[in-house]
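Next up, protein.tsv (TSV, C-alpha atoms and all ligand atoms):
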```
chain	number	residue	atom	x	y	z
A	1	MET	CA	0.00	0.00	0.00
A	2	HIS	CA	1.31	3.44	-0.81
A	3	LEU	CA	0.21	7.05	-0.43
A	4	ASP	CA	-0.85	8.85	-3.59
A	5	PRO	CA	0.63	12.36	-3.93
A	6	PHE	CA	-1.22	15.23	-2.23
A	7	GLU	CA	-0.54	18.89	-1.61
A	8	LEU	CA	0.15	19.77	2.04
A	9	HIS	CA	-0.93	23.17	3.37
A	10	ARG	CA	0.33	24.48	6.73
A	11	PRO	CA	-1.71	27.43	8.04
A	12	SER	CA	-0.81	28.94	11.41
A	13	SER	CA	-4.09	30.45	12.67
A	14	VAL	CA	-7.69	29.31	12.89
A	15	GLU	CA	-8.84	32.10	10.55
A	16	GLU	CA	-6.22	31.21	7.93
A	17	THR	CA	-7.14	27.52	8.20
A	18	VAL	CA	-10.85	28.10	7.72
A	19	SER	CA	-10.38	30.48	4.81
A	20	LEU	CA	-8.04	28.01	3.11
A	21	ALA	CA	-10.63	25.27	3.68
A	22	GLY	CA	-13.33	27.46	2.13
A	23	ARG	CA	-11.20	27.90	-1.00
A	24	LEU	CA	-10.26	24.22	-1.34
A	25	ALA	CA	-13.62	22.63	-0.40
A	26	PRO	CA	-14.57	19.92	-1.03
A	27	ALA	CA	-11.19	18.72	-2.33
A	28	PHE	CA	-9.39	18.61	1.03
A	29	ASP	CA	-9.18	16.94	4.43
A	30	TYR	CA	-7.85	18.37	7.66
A	31	ILE	CA	-5.02	16.30	9.06
A	32	ALA	CA	-4.20	16.27	12.78
A	33	GLY	CA	-2.15	13.25	13.96
A	34	GLY	CA	-2.95	11.39	10.74
A	35	THR	CA	-3.31	8.05	12.58
A	36	ASP	CA	-6.73	7.39	11.05
A	37	LEU	CA	-6.60	9.44	7.88
A	38	LEU	CA	-3.29	8.23	6.47
A	39	PRO	CA	-4.00	4.49	6.85
A	40	ASN	CA	-7.32	5.17	5.08
A	41	TYR	CA	-5.54	7.06	2.31
A	42	LYS	CA	-3.15	4.12	1.92
A	43	MET	CA	-6.19	1.90	1.36
A	44	ARG	CA	-7.42	4.53	-1.16
A	45	LEU	CA	-10.51	5.31	0.85
A	46	ASN	CA	-11.97	8.67	-0.17
A	47	VAL	CA	-8.58	10.26	-0.92
A	48	ARG	CA	-8.49	14.06	-1.44
A	49	PRO	CA	-5.77	15.99	-3.32
A	50	ASN	CA	-5.18	18.56	-0.52
A	51	LEU	CA	-4.38	18.10	3.16
A	52	ILE	CA	-4.58	21.02	5.58
A	53	ALA	CA	-2.21	20.27	8.47
A	54	LEU	CA	-3.33	21.59	11.88
A	55	GLU	CA	0.07	21.11	13.50
A	56	ASP	CA	1.12	24.81	13.44
A	57	VAL	CA	-2.18	26.27	14.68
A	58	SER	CA	-1.29	27.19	18.26
A	59	GLU	CA	-4.86	28.03	19.29
A	60	LEU	CA	-5.73	24.33	18.95
A	61	ARG	CA	-3.48	23.41	21.88
A	62	GLY	CA	-3.70	23.60	25.68
A	63	ILE	CA	-5.30	21.53	28.46
A	64	SER	CA	-7.27	22.96	31.40
A	65	LEU	CA	-10.32	21.78	33.32
A	66	ASP	CA	-12.48	24.15	31.23
A	67	ARG	CA	-11.01	23.54	27.81
A	68	VAL	CA	-9.01	21.00	25.82
A	69	GLY	CA	-7.61	22.07	22.44
A	70	ALA	CA	-8.42	19.89	19.42
A	71	MET	CA	-4.72	19.22	18.77
A	72	VAL	CA	-4.04	17.90	22.27
A	73	ARG	CA	-2.61	14.38	21.86
A	74	LEU	CA	-4.40	11.52	23.59
A	75	GLY	CA	-1.11	10.69	25.31
A	76	GLU	CA	-0.96	14.22	26.80
A	77	LEU	CA	-4.53	13.96	28.05
A	78	GLU	CA	-3.88	10.59	29.61
A	79	THR	CA	-0.92	11.84	31.65
A	80	ASP	CA	-2.28	15.20	32.83
A	81	PRO	CA	-2.82	14.64	36.60
A	82	ALA	CA	-5.33	17.47	37.20
A	83	PHE	CA	-7.41	16.52	34.15
A	84	GLY	CA	-7.28	12.85	35.11
A	85	SER	CA	-8.59	13.43	38.62
A	86	ALA	CA	-11.42	15.69	37.38
A	87	TYR	CA	-12.53	13.60	34.39
A	88	ARG	CA	-11.76	9.96	35.09
A	89	GLY	CA	-14.04	8.57	32.36
A	90	VAL	CA	-12.45	10.68	29.61
A	91	VAL	CA	-8.96	9.63	30.62
A	92	GLU	CA	-9.95	5.96	30.90
A	93	ALA	CA	-11.24	6.16	27.31
A	94	ALA	CA	-8.15	8.02	26.03
A	95	ALA	CA	-5.87	5.43	27.63
A	96	GLU	CA	-7.73	2.62	25.83
A	97	VAL	CA	-7.35	4.04	22.33
A	98	ALA	CA	-4.96	1.96	20.19
A	99	THR	CA	-1.36	1.80	21.46
A	100	PRO	CA	0.96	4.31	23.25
A	101	LEU	CA	2.66	5.04	19.92
A	102	VAL	CA	-0.65	5.89	18.21
A	103	ARG	CA	-1.73	7.97	21.23
A	104	ALA	CA	1.49	9.98	20.99
A	105	SER	CA	0.24	11.29	17.62
A	106	GLY	CA	-3.55	10.85	17.73
A	107	THR	CA	-5.48	13.94	18.85
A	108	VAL	CA	-8.74	14.78	20.59
A	109	GLY	CA	-10.21	16.46	17.46
A	110	GLY	CA	-9.21	13.53	15.25
A	111	ASN	CA	-10.74	11.09	17.71
A	112	LEU	CA	-14.08	12.92	17.66
A	113	LEU	CA	-14.13	12.69	13.85
A	114	VAL	CA	-12.53	9.29	13.39
A	115	GLU	CA	-14.03	7.37	10.45
A	116	THR	CA	-16.84	4.96	11.18
A	117	ARG	CA	-15.75	1.35	10.69
A	118	CYS	CA	-17.00	-1.69	8.80
A	119	PHE	CA	-15.19	-4.82	7.72
A	120	PHE	CA	-16.25	-4.26	4.12
A	121	PHE	CA	-14.75	-0.74	4.19
A	122	ASN	CA	-11.49	-0.98	6.20
A	123	GLN	CA	-9.83	-3.11	3.56
A	124	SER	CA	-7.25	-2.62	0.84
A	125	PHE	CA	-8.26	-1.37	-2.60
A	126	PRO	CA	-7.77	-4.79	-4.31
A	127	TRP	CA	-9.83	-6.52	-1.55
A	128	ARG	CA	-12.70	-4.06	-2.00
A	129	LYS	CA	-12.46	-4.19	-5.77
A	130	SER	CA	-12.66	-7.98	-5.83
A	131	LEU	CA	-15.88	-7.93	-3.79
A	132	GLY	CA	-17.40	-4.84	-5.38
A	133	PHE	CA	-17.16	-1.36	-3.86
A	134	CYS	CA	-19.73	-0.09	-1.38
A	135	LEU	CA	-21.64	3.13	-0.73
A	136	LYS	CA	-19.04	4.52	1.64
A	137	ALA	CA	-16.25	4.47	-0.95
A	138	ASP	CA	-16.45	4.17	-4.75
A	139	GLY	CA	-19.64	2.05	-4.93
A	140	ASP	CA	-23.43	2.16	-4.87
A	141	LYS	CA	-24.56	-0.65	-2.58
A	142	CYS	CA	-24.21	-1.79	1.02
A	143	HIS	CA	-22.92	-5.32	1.66
A	144	VAL	CA	-24.27	-5.36	5.22
A	145	VAL	CA	-27.89	-4.31	4.65
A	146	PRO	CA	-28.27	-4.60	0.84
A	147	GLN	CA	-31.97	-3.67	0.82
A	148	LYS	CA	-31.25	-0.19	2.28
A	149	GLU	CA	-29.52	2.76	0.63
A	150	LYS	CA	-27.66	3.86	3.70
A	151	CYS	CA	-24.40	3.01	5.38
A	152	TYR	CA	-24.30	1.19	8.72
A	153	ALA	CA	-20.59	1.63	9.45
A	154	THR	CA	-20.05	1.68	13.21
A	155	PHE	CA	-19.09	4.73	15.28
A	156	SER	CA	-15.78	3.66	16.80
A	157	GLY	CA	-14.32	6.68	18.59
A	158	ASP	CA	-13.70	6.14	22.30
A	159	LEU	CA	-13.76	9.74	23.57
A	160	ALA	CA	-17.12	10.99	22.29
A	161	PRO	CA	-19.37	8.95	24.65
A	162	THR	CA	-17.35	10.10	27.68
A	163	LEU	CA	-17.57	13.76	26.63
A	164	ALA	CA	-21.27	13.48	25.80
A	165	VAL	CA	-22.18	12.32	29.32
A	166	LEU	CA	-20.40	15.38	30.78
A	167	ASP	CA	-22.42	17.72	28.50
A	168	ALA	CA	-19.15	18.93	26.98
A	169	GLU	CA	-19.37	21.12	23.89
A	170	VAL	CA	-17.14	21.43	20.85
A	171	GLU	CA	-16.15	24.89	19.65
A	172	VAL	CA	-16.07	24.90	15.87
A	173	ALA	CA	-14.88	27.54	13.41
A	174	GLY	CA	-16.12	27.79	9.84
A	175	PRO	CA	-16.85	30.18	7.00
A	176	ASP	CA	-19.79	31.62	8.99
A	177	GLY	CA	-17.78	32.22	12.18
A	178	ARG	CA	-17.59	30.26	15.41
A	179	ARG	CA	-20.27	28.29	17.24
A	180	ARG	CA	-20.58	25.69	19.97
A	181	VAL	CA	-22.21	22.29	19.54
A	182	PRO	CA	-22.91	19.86	22.40
A	183	VAL	CA	-20.90	16.68	21.78
A	184	ALA	CA	-24.14	14.76	22.30
A	185	SER	CA	-25.73	16.58	19.33
A	186	LEU	CA	-22.75	16.24	17.04
A	187	TYR	CA	-23.95	12.79	16.02
A	188	ASP	CA	-27.43	11.22	15.94
A	189	ALA	CA	-29.76	8.77	14.25
A	190	SER	CA	-30.51	11.18	11.38
A	191	GLY	CA	-26.98	10.59	10.03
A	192	ASP	CA	-25.40	7.32	8.95
A	193	GLY	CA	-21.95	5.76	8.59
A	194	ILE	CA	-21.12	8.25	5.82
A	195	GLN	CA	-22.74	11.45	7.18
A	196	ARG	CA	-21.26	10.64	10.57
A	197	HIS	CA	-21.47	14.06	12.25
A	198	HIS	CA	-23.27	17.39	11.98
A	199	LEU	CA	-20.33	19.69	11.28
A	200	ARG	CA	-20.90	21.93	8.27
A	201	PRO	CA	-18.56	21.71	5.26
A	202	SER	CA	-15.11	23.16	6.06
A	203	GLU	CA	-15.81	23.49	9.78
A	204	LEU	CA	-12.84	22.93	12.05
A	205	ILE	CA	-12.96	21.69	15.65
A	206	VAL	CA	-11.06	24.23	17.74
A	207	ALA	CA	-11.55	22.84	21.26
A	208	VAL	CA	-13.74	20.91	23.68
A	209	HIS	CA	-15.29	22.96	26.51
A	210	PHE	CA	-16.46	21.55	29.85
A	211	PRO	CA	-19.30	23.14	31.83
A	212	PRO	CA	-18.61	23.77	35.56
A	213	GLU	CA	-21.08	20.99	36.45
A	214	ALA	CA	-18.87	18.40	34.74
A	215	ARG	CA	-16.41	18.64	37.64
A	216	THR	CA	-19.11	17.61	40.10
A	217	LEU	CA	-19.69	14.28	38.30
A	218	ARG	CA	-17.99	10.90	38.63
A	219	GLY	CA	-17.40	9.23	35.28
A	220	SER	CA	-16.26	5.88	33.90
A	221	TYR	CA	-15.68	4.11	30.58
A	222	ARG	CA	-15.90	0.38	29.87
A	223	LYS	CA	-14.75	-0.95	26.52
A	224	LEU	CA	-15.24	-4.31	24.81
A	225	ARG	CA	-12.70	-5.27	22.15
A	226	ILE	CA	-10.92	-8.35	20.96
A	227	ARG	CA	-7.29	-7.42	21.71
A	228	PRO	CA	-7.18	-5.11	24.76
A	229	SER	CA	-3.79	-3.75	23.74
A	230	PHE	CA	-4.87	-2.45	20.36
A	231	ASP	CA	-8.38	-2.75	18.95
A	232	PHE	CA	-11.21	-0.35	18.20
A	233	PRO	CA	-14.28	-0.68	20.44
A	234	GLU	CA	-16.86	-3.36	19.70
A	235	LEU	CA	-18.82	-1.58	22.44
A	236	GLY	CA	-17.99	1.41	24.65
A	237	VAL	CA	-20.10	2.43	27.65
A	238	ALA	CA	-19.63	5.86	29.28
A	239	VAL	CA	-21.43	6.86	32.45
A	240	ALA	CA	-21.41	10.04	34.57
A	241	ALA	CA	-23.30	10.54	37.82
A	242	ARG	CA	-23.70	12.64	40.96
A	243	GLN	CA	-25.45	11.56	44.16
A	244	SER	CA	-26.66	13.39	47.23
A	245	ALA	CA	-25.21	12.68	50.69
A	246	ASP	CA	-27.91	10.04	51.33
A	247	GLY	CA	-27.16	8.25	48.04
A	248	GLY	CA	-30.08	9.64	46.00
A	249	VAL	CA	-29.32	10.06	42.30
A	250	GLU	CA	-29.06	13.76	41.40
A	251	ARG	CA	-27.78	13.25	37.89
A	252	LEU	CA	-27.11	10.25	35.67
A	253	ALA	CA	-26.09	10.14	32.00
A	254	LEU	CA	-25.20	7.19	29.81
A	255	SER	CA	-23.78	7.06	26.28
A	256	VAL	CA	-23.05	3.91	24.29
A	257	GLY	CA	-20.63	3.82	21.35
A	258	GLY	CA	-19.17	1.07	19.15
A	259	LEU	CA	-22.59	-0.42	18.32
A	260	GLU	CA	-24.42	1.83	15.88
A	261	THR	CA	-23.51	4.67	13.52
A	262	TYR	CA	-23.44	7.19	16.37
A	263	PRO	CA	-22.77	7.25	20.12
A	264	ARG	CA	-26.22	7.10	21.65
A	265	ARG	CA	-27.42	8.71	24.88
A	266	PHE	CA	-30.30	7.22	26.79
A	267	ASP	CA	-31.71	10.24	28.62
A	268	ASP	CA	-35.28	8.93	28.73
A	269	LEU	CA	-34.06	5.84	30.57
A	270	THR	CA	-31.53	7.43	32.94
A	271	ARG	CA	-34.01	10.17	33.93
A	272	ARG	CA	-36.14	7.48	35.61
A	273	LEU	CA	-33.44	6.98	38.24
A	274	VAL	CA	-33.03	10.67	39.09
A	275	GLY	CA	-34.45	11.47	42.53
A	276	GLU	CA	-34.40	7.74	43.42
A	277	ARG	CA	-32.29	5.70	45.80
A	278	PRO	CA	-30.63	3.28	43.34
A	279	THR	CA	-31.13	-0.48	43.71
A	280	ILE	CA	-29.76	-3.33	41.66
A	281	ALA	CA	-33.28	-4.05	40.37
A	282	LYS	CA	-33.55	-0.51	38.93
A	283	VAL	CA	-30.07	-0.74	37.43
A	284	ARG	CA	-30.97	-4.08	35.82
A	285	GLU	CA	-34.15	-2.59	34.39
A	286	LEU	CA	-32.12	0.23	32.80
A	287	ALA	CA	-29.55	-2.21	31.39
A	288	ASP	CA	-32.25	-4.48	29.94
A	289	ALA	CA	-33.96	-1.52	28.28
A	290	VAL	CA	-30.69	-0.44	26.64
A	291	ARG	CA	-30.05	-3.99	25.42
A	292	GLN	CA	-33.47	-4.09	23.79
A	293	LEU	CA	-33.05	-0.70	22.09
A	294	VAL	CA	-29.61	-0.99	20.50
A	295	ARG	CA	-29.29	-2.34	16.95
A	296	PRO	CA	-25.74	-3.40	16.03
A	297	VAL	CA	-25.31	-4.92	12.56
A	298	HIS	CA	-22.90	-7.55	11.31
A	299	ASN	CA	-19.99	-5.36	10.21
A	300	THR	CA	-17.35	-5.69	12.93
A	301	ALA	CA	-15.48	-8.69	14.32
A	302	LEU	CA	-17.96	-9.74	17.02
A	303	ALA	CA	-21.48	-10.98	16.24
A	304	PRO	CA	-24.27	-8.38	16.68
A	305	ASP	CA	-26.24	-10.57	19.13
A	306	TYR	CA	-23.20	-10.89	21.35
A	307	ARG	CA	-22.45	-7.13	21.27
A	308	ARG	CA	-26.06	-6.41	22.10
A	309	LYS	CA	-26.06	-8.82	25.01
A	310	MET	CA	-22.79	-7.35	26.25
A	311	ALA	CA	-24.28	-3.85	26.03
A	312	GLY	CA	-26.71	-4.94	28.75
A	313	VAL	CA	-23.93	-6.46	30.84
A	314	TYR	CA	-21.57	-3.47	30.50
A	315	VAL	CA	-24.32	-0.93	31.23
A	316	ARG	CA	-25.38	-2.87	34.33
A	317	ARG	CA	-21.82	-3.13	35.63
A	318	SER	CA	-20.93	0.50	34.86
A	319	VAL	CA	-24.07	2.02	36.35
A	320	ALA	CA	-23.96	-0.24	39.43
A	321	GLU	CA	-20.32	0.68	40.02
A	322	ILE	CA	-20.76	4.42	39.57
A	323	LEU	CA	-23.81	4.52	41.86
A	324	GLY	CA	-22.19	2.25	44.46
A	325	VAL	CA	-24.86	-0.47	44.13
A	326	ALA	CA	-23.69	-3.97	44.98
A	327	GLU	CA	-24.32	-6.51	42.22
A	328	GLU	CA	-26.04	-9.63	43.55
A	329	THR	CA	-24.41	-12.92	42.57
A	330	ARG	CA	-26.65	-15.50	40.97
A	401	LIG	C1	-3.77	0.54	15.08
A	401	LIG	C2	-4.80	1.59	15.38
A	401	LIG	C3	-5.72	1.36	16.39
A	401	LIG	C4	-6.68	2.33	16.68
A	401	LIG	N1	-7.54	2.09	17.72
A	401	LIG	C5	-8.44	3.05	18.06
A	401	LIG	C6	-9.32	2.84	19.16
A	401	LIG	O1	-9.25	1.82	19.85
A	401	LIG	N2	-10.22	3.81	19.45
A	401	LIG	C7	-10.29	4.97	18.73
A	401	LIG	O2	-11.12	5.84	19.07
A	401	LIG	N3	-9.48	5.19	17.68
A	401	LIG	C8	-8.55	4.27	17.33
A	401	LIG	N4	-7.71	4.48	16.27
A	401	LIG	C9	-7.94	5.65	15.40
A	401	LIG	C10	-7.10	6.90	15.71
A	401	LIG	O3	-5.77	6.57	16.01
A	401	LIG	C11	-7.65	7.74	16.86
A	401	LIG	O4	-9.04	7.87	16.76
A	401	LIG	C12	-7.01	9.14	16.89
A	401	LIG	O5	-7.44	9.85	18.04
A	401	LIG	C13	-7.34	9.97	15.66
A	401	LIG	O6	-6.74	11.23	15.83
A	401	LIG	P1	-5.76	11.85	14.70
A	401	LIG	O7	-5.31	13.15	15.21
A	401	LIG	O8	-4.68	10.91	14.31
A	401	LIG	O9	-6.80	12.01	13.51
A	401	LIG	P2	-6.54	12.17	11.95
A	401	LIG	O10	-6.24	10.83	11.36
A	401	LIG	O11	-5.56	13.24	11.69
A	401	LIG	O12	-7.98	12.68	11.49
A	401	LIG	C14	-9.14	11.87	11.63
A	401	LIG	C15	-10.32	12.62	10.99
A	401	LIG	O13	-10.62	13.78	11.73
A	401	LIG	C16	-10.52	14.96	10.93
A	401	LIG	N5	-9.97	15.98	11.82
A	401	LIG	C17	-8.91	15.84	12.64
A	401	LIG	N6	-8.79	16.92	13.44
A	401	LIG	C18	-9.79	17.76	13.11
A	401	LIG	C19	-10.23	19.03	13.59
A	401	LIG	N7	-9.60	19.67	14.58
A	401	LIG	N8	-11.31	19.61	13.02
A	401	LIG	C20	-11.98	18.99	12.01
A	401	LIG	N9	-11.62	17.79	11.51
A	401	LIG	C21	-10.54	17.18	12.06
A	401	LIG	C22	-9.63	14.56	9.76
A	401	LIG	O14	-9.92	15.32	8.61
A	401	LIG	C23	-10.04	13.10	9.58
A	401	LIG	O15	-11.24	13.03	8.85
A	401	LIG	C24	-6.73	3.54	15.94
A	401	LIG	C25	-5.80	3.76	14.91
A	401	LIG	C26	-4.85	2.80	14.64
A	401	LIG	C27	-3.85	3.08	13.54
A	402	LIG	S1	-22.13	-0.56	6.20
A	402	LIG	FE1	-22.42	-0.98	4.02
A	402	LIG	S2	-22.08	0.99	2.96
A	402	LIG	FE2	-21.29	1.17	5.05
A	402	LIG	S3	-19.12	0.70	4.89
A	402	LIG	FE3	-20.17	-1.21	5.39
A	402	LIG	S4	-20.66	-2.18	3.43
A	402	LIG	FE4	-20.11	-0.06	3.04
```
Can you turn what I pasted into structure tokens?
Amino acid sequence: MHLDPFELHRPSSVEETVSLAGRLAPAFDYIAGGTDLLPNYKMRLNVRPNLIALEDVSELRGISLDRVGAMVRLGELETDPAFGSAYRGVVEAAAEVATPLVRASGTVGGNLLVETRCFFFNQSFPWRKSLGFCLKADGDKCHVVPQKEKCYATFSGDLAPTLAVLDAEVEVAGPDGRRRVPVASLYDASGDGIQRHHLRPSELIVAVHFPPEARTLRGSYRKLRIRPSFDFPELGVAVAARQSADGGVERLALSVGGLETYPRRFDDLTRRLVGERPTIAKVRELADAVRQLVRPVHNTALAPDYRRKMAGVYVRRSVAEILGVAEETR
């Protein structure tokens, strides 16, 4: 596999980056750490002739408890002590992305916009050609759900669910100026594996912002994958909660990634526990409801029925642990 030639652009400010993007659109990609984009380019997946490197844009850097720049490396996030003690779930997720070498280059912004995955897509050009190309690159049909004209590639970023449960927002800059979008609204069921987020054309992620309430929450992340040292999530469960002194649930949020085309929050279900003293029966009820709602398809290594079943198990364990509810043995 080789990289086809491309032109590399190196702007040094957000304004310069966005104006360059406006001129080159749609024939460009932003490149941050390149750990997702360049392997995809080598497989000739949706290659563009221009790359806009974000490396020299200083405004995209910096870690604090209020703000993390889009170009912060996952390795930096993982080793920042103050950030780690405030946002345990985010750091648990960052530490489980790929390998230390990949995390030394891979960034927060790149992780939020990592390509959705499917075993008919993440393949070399000759492999895909021999089978017939699909909707997501070069073709006009889906091999997973042939009767539908949409892509079911799986959302496989680890950070987004953990940021969504904290009500974090992304600051984006584009041709129409800057705006903030809640991470939880960046992706939803109206998109698919191709239209995987709601950024407008040429928009750049500048930073992630944390509301003051995020620091009052306890968070966690549980990930299912085949090789724990390396693989993308087959399922990722993020939880954040706060309880009163007597154990009553004041706030509870849950987001599940690695199963569908977007990380999905379950606010209607978690709201039922707010104001309650949690019990294992209520936690089980929540976990069973999530298991019944999620719809993984057969496009990653593990079978959809198994991932669905494990969604129930991981949600039960994560919520029970965060709320301090003992799991009965049976
Ligand atoms: C072996 C291996 C294992 C991996 N395992 C995991 C895993 O377990 N979990 C996981 O989540 N990821 C995994 N990844 C994918 C990837 O390494 C990470 O998601 C990483 O955080 C991507 O960041 P990056 O800076 O390298 O993104 P890039 O590859 O540079 O970019 C990814 C996408 O984001 C866009 N982009 C990047 N930054 C911005 C920005 N600021 N604004 C707008 N668009 C932007 C790019 O245009 C591109 O479309 C793995 C990769 C490899 C090679
Ligand atoms: S889900 Fe279908 S369209 Fe999407 S990448 Fe897989 S085969 Fe292609």
Please return the centre and edge lengths, in Å to one decimal, of a box with edges along x, y and z that contains all listed atoms of segment 7-17 of chain A, widened by 4 Å on every side, as JSON.
```
{"center_x": -4.3, "center_y": 25.5, "center_z": 5.6, "size_x": 17.2, "size_y": 21.2, "size_z": 22.5}
```
message: Show me which residues are within 7 Å of ligand LIG 401 (chain A) counting only C-alpha atoms and all ligand atoms, and format the list as number ranges by chain.
response: A: 29-39, 70-71, 74, 96-99, 102-103, 105-115, 156-159, 203-206, 230-233
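In this comparison, which uses only C-alpha atoms, the residue of A:Phe210, A:Val274, A:Val47, A:Glu327 approaching Asp138 of chain A most closely is A:Val47.
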Subject >> Test item: residues lying within 7 Å of ligand LIG 402 (chain A) with only C-alpha atoms and all ligand atoms, as a PyMOL selection string >> reply: chain A and resi 117-121+134-136+141-145+150-153+193+299
| request: Pick out the residues sitting within 10 Å of Arg200 of chain A, and hand them over as a PyMOL selection string; count all atoms listed in the file, and ignore anything fewer than 3 positions along from it in its own chain. | output: chain A and resi 172-176+197+203-204
From the list A:Arg291, A:Arg242, A:Arg73, A:Lys282, the nearest residue to Leu259 of chain A using only C-alpha atoms is A:Arg291
Sel. within 8 Å of pt (-6.6, 28.4, 18.8), counting only C-alpha atoms, output as number ranges by chain = A: 13-14, 57-61, 69, 206-207
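Taking only C-alpha atoms into account, Ser85 of chain A lies nearest to A:Ser220 out of the set A:Ser202, A:Ser220, A:Thr116, A:Ser12.
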Shell around segment 181-190 of chain A at 8 Å using only C-alpha atoms, local window under 5 positions removed, as an mmCIF file with C-alpha atoms, in the coordinates of the input:
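Just written: out.cif:
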```
data_model
loop_
_atom_site.group_PDB
_atom_site.id
_atom_site.type_symbol
_atom_site.label_atom_id
_atom_site.label_comp_id
_atom_site.auth_asym_id
_atom_site.auth_seq_id
_atom_site.Cartn_x
_atom_site.Cartn_y
_atom_site.Cartn_z
ATOM 1 C CA ALA A 160 -17.120 10.990 22.290
ATOM 2 C CA PRO A 161 -19.370 8.950 24.650
ATOM 3 C CA LEU A 163 -17.570 13.760 26.630
ATOM 4 C CA ALA A 164 -21.270 13.480 25.800
ATOM 5 C CA VAL A 165 -22.180 12.320 29.320
ATOM 6 C CA ASP A 167 -22.420 17.720 28.500
ATOM 7 C CA ALA A 168 -19.150 18.930 26.980
ATOM 8 C CA GLU A 169 -19.370 21.120 23.890
ATOM 9 C CA VAL A 170 -17.140 21.430 20.850
ATOM 10 C CA GLU A 171 -16.150 24.890 19.650
ATOM 11 C CA VAL A 172 -16.070 24.900 15.870
ATOM 12 C CA ARG A 196 -21.260 10.640 10.570
ATOM 13 C CA HIS A 197 -21.470 14.060 12.250
ATOM 14 C CA HIS A 198 -23.270 17.390 11.980
ATOM 15 C CA LEU A 199 -20.330 19.690 11.280
ATOM 16 C CA THR A 261 -23.510 4.670 13.520
ATOM 17 C CA TYR A 262 -23.440 7.190 16.370
ATOM 18 C CA PRO A 263 -22.770 7.250 20.120
ATOM 19 C CA ARG A 264 -26.220 7.100 21.650
ATOM 20 C CA ARG A 265 -27.420 8.710 24.880
#
```
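Distance-wise, atom CA of Arg215 of chain A and atom CA of Thr279 of chain A end up 24.9 Å apart.
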Polymer residues at most 10 Å from Gln292 of chain A, all atoms listed in the file, same-chain spacing of 5 or more positions, as a list in words: Ala287, Arg308, Lys309, Ala311 and Gly312 of chain A
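Straight-line separation from atom CA of Ala301 of chain A to atom CA of Gly139 of chain A: 22.4 Å.
As for atom CA of Leu45 of chain A and atom CA of Gln147 of chain A, they are spaced 23.3 Å apart.
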Can you sort out segment 170-181 of chain A so it carries N, CA and C atoms, written as an mmCIF file, in the coordinates of the input?
```cif
data_model
loop_
_atom_site.group_PDB
_atom_site.id
_atom_site.type_symbol
_atom_site.label_atom_id
_atom_site.label_comp_id
_atom_site.auth_asym_id
_atom_site.auth_seq_id
_atom_site.Cartn_x
_atom_site.Cartn_y
_atom_site.Cartn_z
ATOM 1 N N VAL A 170 -18.278 21.123 21.715
ATOM 2 C CA VAL A 170 -17.140 21.430 20.850
ATOM 3 C C VAL A 170 -17.304 22.848 20.314
ATOM 4 N N GLU A 171 -16.183 23.571 20.297
ATOM 5 C CA GLU A 171 -16.150 24.890 19.650
ATOM 6 C C GLU A 171 -15.682 24.651 18.230
ATOM 7 N N VAL A 172 -16.476 25.091 17.264
ATOM 8 C CA VAL A 172 -16.070 24.900 15.870
ATOM 9 C C VAL A 172 -15.959 26.252 15.184
ATOM 10 N N ALA A 173 -15.050 26.315 14.192
ATOM 11 C CA ALA A 173 -14.880 27.540 13.410
ATOM 12 C C ALA A 173 -15.121 27.183 11.954
ATOM 13 N N GLY A 174 -15.823 28.060 11.248
ATOM 14 C CA GLY A 174 -16.120 27.790 9.840
ATOM 15 C C GLY A 174 -16.287 29.082 9.080
ATOM 16 N N PRO A 175 -16.680 28.986 7.828
ATOM 17 C CA PRO A 175 -16.850 30.180 7.000
ATOM 18 C C PRO A 175 -17.844 31.174 7.616
ATOM 19 N N ASP A 176 -18.799 30.710 8.397
ATOM 20 C CA ASP A 176 -19.790 31.620 8.990
ATOM 21 C C ASP A 176 -19.413 32.045 10.417
ATOM 22 N N GLY A 177 -18.195 31.822 10.835
ATOM 23 C CA GLY A 177 -17.780 32.220 12.180
ATOM 24 C C GLY A 177 -17.674 31.042 13.115
ATOM 25 N N ARG A 178 -17.751 31.333 14.425
ATOM 26 C CA ARG A 178 -17.590 30.260 15.410
ATOM 27 C C ARG A 178 -18.916 29.922 16.053
ATOM 28 N N ARG A 179 -19.060 28.683 16.498
ATOM 29 C CA ARG A 179 -20.270 28.290 17.240
ATOM 30 C C ARG A 179 -19.885 27.132 18.152
ATOM 31 N N ARG A 180 -20.787 26.839 19.083
ATOM 32 C CA ARG A 180 -20.580 25.690 19.970
ATOM 33 C C ARG A 180 -21.652 24.652 19.726
ATOM 34 N N VAL A 181 -21.262 23.398 19.745
ATOM 35 C CA VAL A 181 -22.210 22.290 19.540
ATOM 36 C C VAL A 181 -22.013 21.291 20.677
#
```
